[in-house]
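Asks: Pasting a structure below so you can have a look.
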Amino acid sequence: MSRSEEERTRIEDLLAVARHRDREAFGRLFDYYAPRVKAYLRRLGADPQQAEELAQEVMLTVWRRAAQYDPRRATPGTWIFRIARNRRIDALRRERRPPEAEEVEVETEAGGEEEAAERPGEALEARSEALLMERRLREAIARLPPEQAEILRLYYLEEMPQGEIADTLGLPLGTVKSRLRLALAKLRDYLGGNEASRA
Amino acid sequence: MTNGIDLDELLIAHAAGHLGEAAALVVAAHLCLCPESRRRYRLYETLGGLLLEELPPEPLAPERRQRVLAVLGEEVADSAQPDRTGDDAGASGNPLPAPLRARLPAPLDCCPWRRSGALAELPLAAPPGEPARLRLLRLEPGAAVPAHGHEGLELTLVLEGRLCDGERMLGPGDLAIADASTVHAPRAGEGEGCLCLLCAA
């Protein structure tokens, strides 16, 4: 299967979980995402046991909240990343959060944009603006100078403020900051430029 | 280029999960009010998802999968649809974005504001272990915050009215970012006053 076929399959699987409580589809999502969520949590400092427990919780949250997934707004990867990130924050801070906190996240995300109405018959591809964004973002990252792409990875996937990234790479903090800013500006330009040329 | 932090760095820090709870709340409130930041934030979250998918997978112990699949039947589906009224501020006459409303002990006018001249302040309960102070500040028209510097990051989100911060005139949803290199004395717009949310390290 090509990458984009795989992506579509994962969207279909998540929608099948949402609509039909499809356990086989969930099993496939588990097999794909749980080990990646575990890897993410390990990088951010969780021990193996803790990372597995949290990954398990993340996947159960996926099962419970699948009805909130909207393929136009996010790819499954982005949606699950968000759940994993929030679980990790909760676990690390060990703070009591108001019960609203989870819904707040949803509202922030929902941000009063167009309705994601069901449109049967319309190609998933066309509905999934998120999938297009992800694809273009992947292209854009591939075009970044390697040192800028590295900073992005370190920034998201290690529990590292920029100062520590600088120490780890033996670079001045200003260099790390400017690489991060340059990388972000390039990604935005690339995506913005593409949007403009599409319009 | 300064070592100060700009809006994009703040958004990406929020997307990557690196902000403390107080700063995260201010950014979440800002996102409810600012479509442009929301657009960028989506990009940064998409980036997070993409990097997550690129990670070499680390298999879980096989019994984890069995255990999860075994309890699915007991899990109650959370059928709530995503709320599509994220930027409903003002619609109900309430200027506060949802993440902030959820944190208030009472309706705004019933809260124990501390008045001091043309300024009124409402401290919000800090989560345990959170070093940053979070508060609402209400300025009467033309009133200014005394000139001050900062030890760390200070975020000011305008919720209502206008706030003049140096050269910049901020309106609802605008965020001012100050750090150790900033000394400023923000002033409310003449004629309309200002309500803002502040987070200071």
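Chain labels run A, B, ... following the order of the structure tokens; each chain numbers its residues from 1, and ligands are numbered from 1 in the order shown.
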Can you pull out every residue within 7 Å of stretch 117-128 of chain B, counting only C-alpha atoms, but drop anything in the same chain fewer than 2 positions away, and send it as a compact mmCIF listing (two decimals) with N, CA and C atoms, in the first residue's frame?

Replies:
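What landed in part.txt:
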```txt
# COMPACT_ATOMS: atom_id res chain seq x y z
N GLU A 95 -1.07 17.19 38.37
CA GLU A 95 -1.90 18.23 38.94
C GLU A 95 -3.34 17.79 38.80
N PRO B 112 -14.22 38.41 43.60
CA PRO B 112 -13.61 39.36 44.55
C PRO B 112 -12.47 40.16 43.93
N TRP B 113 -12.81 41.20 43.17
CA TRP B 113 -11.79 42.04 42.56
C TRP B 113 -11.09 42.87 43.63
N ARG B 114 -9.80 43.09 43.45
CA ARG B 114 -9.06 44.00 44.34
C ARG B 114 -8.86 45.30 43.61
N ARG B 115 -9.46 46.34 44.15
CA ARG B 115 -9.37 47.64 43.47
C ARG B 115 -8.18 48.44 43.98
N GLU B 130 2.71 25.44 40.03
CA GLU B 130 2.83 26.37 38.90
C GLU B 130 3.43 27.68 39.41
N ARG B 133 2.13 33.47 37.93
CA ARG B 133 0.90 34.04 38.50
C ARG B 133 -0.05 34.37 37.37
N LEU B 134 -1.31 34.10 37.60
CA LEU B 134 -2.32 34.34 36.58
C LEU B 134 -3.35 35.29 37.16
N ARG B 135 -3.68 36.35 36.45
CA ARG B 135 -4.71 37.25 36.97
C ARG B 135 -5.42 38.01 35.87
N LEU B 136 -6.61 38.46 36.20
CA LEU B 136 -7.34 39.36 35.32
C LEU B 136 -7.09 40.77 35.79
N LEU B 137 -7.01 41.67 34.84
CA LEU B 137 -6.75 43.06 35.18
C LEU B 137 -7.76 43.92 34.44
N ARG B 138 -8.37 44.83 35.19
CA ARG B 138 -9.33 45.73 34.58
C ARG B 138 -8.81 47.15 34.73
N LEU B 139 -8.73 47.85 33.63
CA LEU B 139 -8.21 49.21 33.65
C LEU B 139 -9.33 50.16 33.23
N GLU B 140 -9.46 51.25 33.98
CA GLU B 140 -10.44 52.26 33.56
C GLU B 140 -9.88 53.01 32.36
N ALA B 143 -6.33 54.59 32.00
CA ALA B 143 -5.49 54.21 33.14
C ALA B 143 -4.27 53.41 32.67
```

Asks: B:Pro62: which residues within 12 Å, counting only C-alpha atoms, same-chain residues fewer than 5 positions away excluded, as a PyMOL selection string?

Replies: (chain A and resi 30-31+34-35+52+56) or (chain B and resi 67-69)

Asks: Grab the atom CA of B:Val71 to atom CA of A:Glu12 distance for me, in Å with one decimal place.

Replies: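 Taking atom CA of B:Val71 and atom CA of A:Glu12, their separation equals 22.4 Å.
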
Asks: Report, in Å to a single decimal, how far apart atom CA of A:Arg64 and atom CA of A:Leu131 are.

Replies: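 About the pair atom CA of A:Leu131 and atom CA of A:Arg64: they are 22.7 Å apart.
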
Asks: Work out how far apart atom CA of B:Ala176 and atom CA of B:Leu157 are and give it in Å to one decimal.

Replies: 6.4 Å

Asks: Ranking A:Arg8, A:Arg143, A:Arg36, A:Arg188 by minimum distance to A:Phe81 and counting only C-alpha atoms, which one comes first?

Replies: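 Closest to A:Phe81, using only C-alpha atoms: A:Arg36.
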
Asks: Could you list, as JSON, numbers by chain, every residue within 7 Å of A:Ala130, counting only C-alpha atoms and ignoring same-chain residues fewer than 5 positions away?

Replies: {"A": [71, 72, 73, 74, 75]}

Asks: Taking 2 positions as the minimum chain separation for residues in the same chain, which residues sit within 12 Å of A:Leu144 when counting only C-alpha atoms? Answer as a PyMOL selection string.

Replies: chain A and resi 137-142+146-152+179-180+182-190

Asks: Within 12 Å of A:Leu15, counting only C-alpha atoms, which residues show up once you throw out same-chain ones fewer than 5 positions away? Write them as a VMD selection string, please.

Replies: chain A and resid 8 to 10 20 to 23 25 to 26 29 62 to 63 65 to 72 75 to 76 118 124

Asks: Name the residues of stretch 76-193 of chain B that come out as helix (DSSP H, G or I) in a backbone DSSP run; write them as a list in words.

Replies: Ala98, Pro99, Leu100, Arg101, Leu108, Asp109 and Cys110 of chain B

Asks: Could you give me, as a list in words, the residues within 12 Å of B:Ile5, counting only C-alpha atoms and dropping anything in the same chain fewer than 3 positions from it?

Replies: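 That gives Gln162, Gly174, Lys177, Ser178, Leu180 and Arg181 of chain A; Met1, Thr2, Asp8, Glu9, Leu10, Leu11, Ile12, Ala13, Gly152, Leu153, Glu154, Leu155, Ala176, Ile177, Ala178, Asp179, Ala180, Ser181 and Thr182 of chain B.
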
Asks: Could you pull out the strand (DSSP E or B) residues of stretch 125-176 of chain B, going by DSSP on the backbone, and write them as a PDB file with N, CA, C and O atoms, in the first residue's frame?

Replies:
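Result went into selection.pdb, see below:
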```
ATOM      1  N   ARG B 133       2.127  33.471  37.935  1.00  0.00           N
ATOM      2  CA  ARG B 133       0.904  34.041  38.495  1.00  0.00           C
ATOM      3  C   ARG B 133      -0.054  34.372  37.368  1.00  0.00           C
ATOM      4  O   ARG B 133       0.340  34.892  36.318  1.00  0.00           O
ATOM      5  N   LEU B 134      -1.312  34.105  37.598  1.00  0.00           N
ATOM      6  CA  LEU B 134      -2.320  34.337  36.579  1.00  0.00           C
ATOM      7  C   LEU B 134      -3.347  35.287  37.159  1.00  0.00           C
ATOM      8  O   LEU B 134      -3.815  35.097  38.269  1.00  0.00           O
ATOM      9  N   ARG B 135      -3.680  36.355  36.446  1.00  0.00           N
ATOM     10  CA  ARG B 135      -4.711  37.247  36.971  1.00  0.00           C
ATOM     11  C   ARG B 135      -5.415  38.014  35.866  1.00  0.00           C
ATOM     12  O   ARG B 135      -4.892  38.164  34.763  1.00  0.00           O
ATOM     13  N   LEU B 136      -6.611  38.459  36.205  1.00  0.00           N
ATOM     14  CA  LEU B 136      -7.343  39.359  35.316  1.00  0.00           C
ATOM     15  C   LEU B 136      -7.089  40.767  35.790  1.00  0.00           C
ATOM     16  O   LEU B 136      -6.979  41.025  36.988  1.00  0.00           O
ATOM     17  N   LEU B 137      -7.012  41.669  34.839  1.00  0.00           N
ATOM     18  CA  LEU B 137      -6.754  43.063  35.182  1.00  0.00           C
ATOM     19  C   LEU B 137      -7.759  43.924  34.441  1.00  0.00           C
ATOM     20  O   LEU B 137      -7.973  43.741  33.241  1.00  0.00           O
ATOM     21  N   ARG B 138      -8.371  44.828  35.193  1.00  0.00           N
ATOM     22  CA  ARG B 138      -9.333  45.728  34.583  1.00  0.00           C
ATOM     23  C   ARG B 138      -8.813  47.145  34.733  1.00  0.00           C
ATOM     24  O   ARG B 138      -8.475  47.571  35.840  1.00  0.00           O
ATOM     25  N   LEU B 139      -8.729  47.845  33.626  1.00  0.00           N
ATOM     26  CA  LEU B 139      -8.212  49.210  33.646  1.00  0.00           C
ATOM     27  C   LEU B 139      -9.325  50.161  33.233  1.00  0.00           C
ATOM     28  O   LEU B 139     -10.029  49.915  32.254  1.00  0.00           O
ATOM     29  N   ALA B 144      -3.166  53.577  33.372  1.00  0.00           N
ATOM     30  CA  ALA B 144      -1.949  52.870  32.982  1.00  0.00           C
ATOM     31  C   ALA B 144      -1.449  51.980  34.114  1.00  0.00           C
ATOM     32  O   ALA B 144      -1.615  52.304  35.290  1.00  0.00           O
ATOM     33  N   HIS B 148       7.000  48.858  34.519  1.00  0.00           N
ATOM     34  CA  HIS B 148       7.614  47.734  35.215  1.00  0.00           C
ATOM     35  C   HIS B 148       8.452  46.893  34.260  1.00  0.00           C
ATOM     36  O   HIS B 148       8.239  46.911  33.056  1.00  0.00           O
ATOM     37  N   GLU B 154       6.143  37.501  30.454  1.00  0.00           N
ATOM     38  CA  GLU B 154       4.838  38.020  30.845  1.00  0.00           C
ATOM     39  C   GLU B 154       3.950  38.049  29.606  1.00  0.00           C
ATOM     40  O   GLU B 154       4.302  38.622  28.581  1.00  0.00           O
ATOM     41  N   LEU B 155       2.785  37.425  29.725  1.00  0.00           N
ATOM     42  CA  LEU B 155       1.837  37.404  28.613  1.00  0.00           C
ATOM     43  C   LEU B 155       0.623  38.230  28.999  1.00  0.00           C
ATOM     44  O   LEU B 155       0.088  38.075  30.093  1.00  0.00           O
ATOM     45  N   THR B 156       0.206  39.108  28.111  1.00  0.00           N
ATOM     46  CA  THR B 156      -0.984  39.931  28.355  1.00  0.00           C
ATOM     47  C   THR B 156      -1.940  39.724  27.196  1.00  0.00           C
ATOM     48  O   THR B 156      -1.621  40.045  26.053  1.00  0.00           O
ATOM     49  N   LEU B 157      -3.097  39.175  27.498  1.00  0.00           N
ATOM     50  CA  LEU B 157      -4.109  38.953  26.466  1.00  0.00           C
ATOM     51  C   LEU B 157      -5.248  39.947  26.683  1.00  0.00           C
ATOM     52  O   LEU B 157      -5.841  39.986  27.758  1.00  0.00           O
ATOM     53  N   VAL B 158      -5.519  40.754  25.676  1.00  0.00           N
ATOM     54  CA  VAL B 158      -6.623  41.705  25.788  1.00  0.00           C
ATOM     55  C   VAL B 158      -7.934  40.967  25.523  1.00  0.00           C
ATOM     56  O   VAL B 158      -8.069  40.254  24.529  1.00  0.00           O
ATOM     57  N   LEU B 159      -8.877  41.125  26.448  1.00  0.00           N
ATOM     58  CA  LEU B 159     -10.177  40.454  26.314  1.00  0.00           C
ATOM     59  C   LEU B 159     -11.257  41.426  25.870  1.00  0.00           C
ATOM     60  O   LEU B 159     -12.182  41.052  25.154  1.00  0.00           O
ATOM     61  N   GLU B 160     -11.131  42.657  26.320  1.00  0.00           N
ATOM     62  CA  GLU B 160     -12.144  43.681  26.010  1.00  0.00           C
ATOM     63  C   GLU B 160     -11.451  45.023  25.934  1.00  0.00           C
ATOM     64  O   GLU B 160     -10.513  45.262  26.696  1.00  0.00           O
ATOM     65  N   GLY B 161     -11.924  45.895  25.071  1.00  0.00           N
ATOM     66  CA  GLY B 161     -11.397  47.254  25.008  1.00  0.00           C
ATOM     67  C   GLY B 161     -10.046  47.315  24.311  1.00  0.00           C
ATOM     68  O   GLY B 161      -9.679  46.420  23.539  1.00  0.00           O
ATOM     69  N   LEU B 163      -5.753  48.291  24.586  1.00  0.00           N
ATOM     70  CA  LEU B 163      -4.593  48.469  25.452  1.00  0.00           C
ATOM     71  C   LEU B 163      -3.438  48.965  24.596  1.00  0.00           C
ATOM     72  O   LEU B 163      -3.114  48.369  23.578  1.00  0.00           O
ATOM     73  N   CYS B 164      -2.866  50.091  25.040  1.00  0.00           N
ATOM     74  CA  CYS B 164      -1.741  50.647  24.299  1.00  0.00           C
ATOM     75  C   CYS B 164      -0.458  50.203  24.982  1.00  0.00           C
ATOM     76  O   CYS B 164      -0.222  50.536  26.137  1.00  0.00           O
ATOM     77  N   ASP B 165       0.344  49.411  24.274  1.00  0.00           N
ATOM     78  CA  ASP B 165       1.586  48.883  24.846  1.00  0.00           C
ATOM     79  C   ASP B 165       2.733  49.410  23.994  1.00  0.00           C
ATOM     80  O   ASP B 165       3.028  48.874  22.929  1.00  0.00           O
ATOM     81  N   ARG B 168       2.355  49.759  20.185  1.00  0.00           N
ATOM     82  CA  ARG B 168       1.341  48.854  19.682  1.00  0.00           C
ATOM     83  C   ARG B 168      -0.014  49.079  20.355  1.00  0.00           C
ATOM     84  O   ARG B 168      -0.089  49.223  21.561  1.00  0.00           O
ATOM     85  N   MET B 169      -1.075  49.128  19.529  1.00  0.00           N
ATOM     86  CA  MET B 169      -2.425  49.229  20.082  1.00  0.00           C
ATOM     87  C   MET B 169      -3.067  47.860  19.976  1.00  0.00           C
ATOM     88  O   MET B 169      -3.226  47.313  18.885  1.00  0.00           O
ATOM     89  N   LEU B 170      -3.405  47.298  21.138  1.00  0.00           N
ATOM     90  CA  LEU B 170      -3.951  45.943  21.150  1.00  0.00           C
ATOM     91  C   LEU B 170      -5.461  45.979  21.342  1.00  0.00           C
ATOM     92  O   LEU B 170      -5.974  46.777  22.115  1.00  0.00           O
ATOM     93  N   LEU B 175      -2.324  39.567  21.787  1.00  0.00           N
ATOM     94  CA  LEU B 175      -1.462  39.090  22.859  1.00  0.00           C
ATOM     95  C   LEU B 175      -0.165  39.901  22.854  1.00  0.00           C
ATOM     96  O   LEU B 175       0.459  40.059  21.815  1.00  0.00           O
ATOM     97  N   ALA B 176       0.210  40.430  24.025  1.00  0.00           N
ATOM     98  CA  ALA B 176       1.504  41.113  24.145  1.00  0.00           C
ATOM     99  C   ALA B 176       2.445  40.192  24.901  1.00  0.00           C
ATOM    100  O   ALA B 176       2.070  39.595  25.905  1.00  0.00           O
TER     101      ALA B 176
END
```
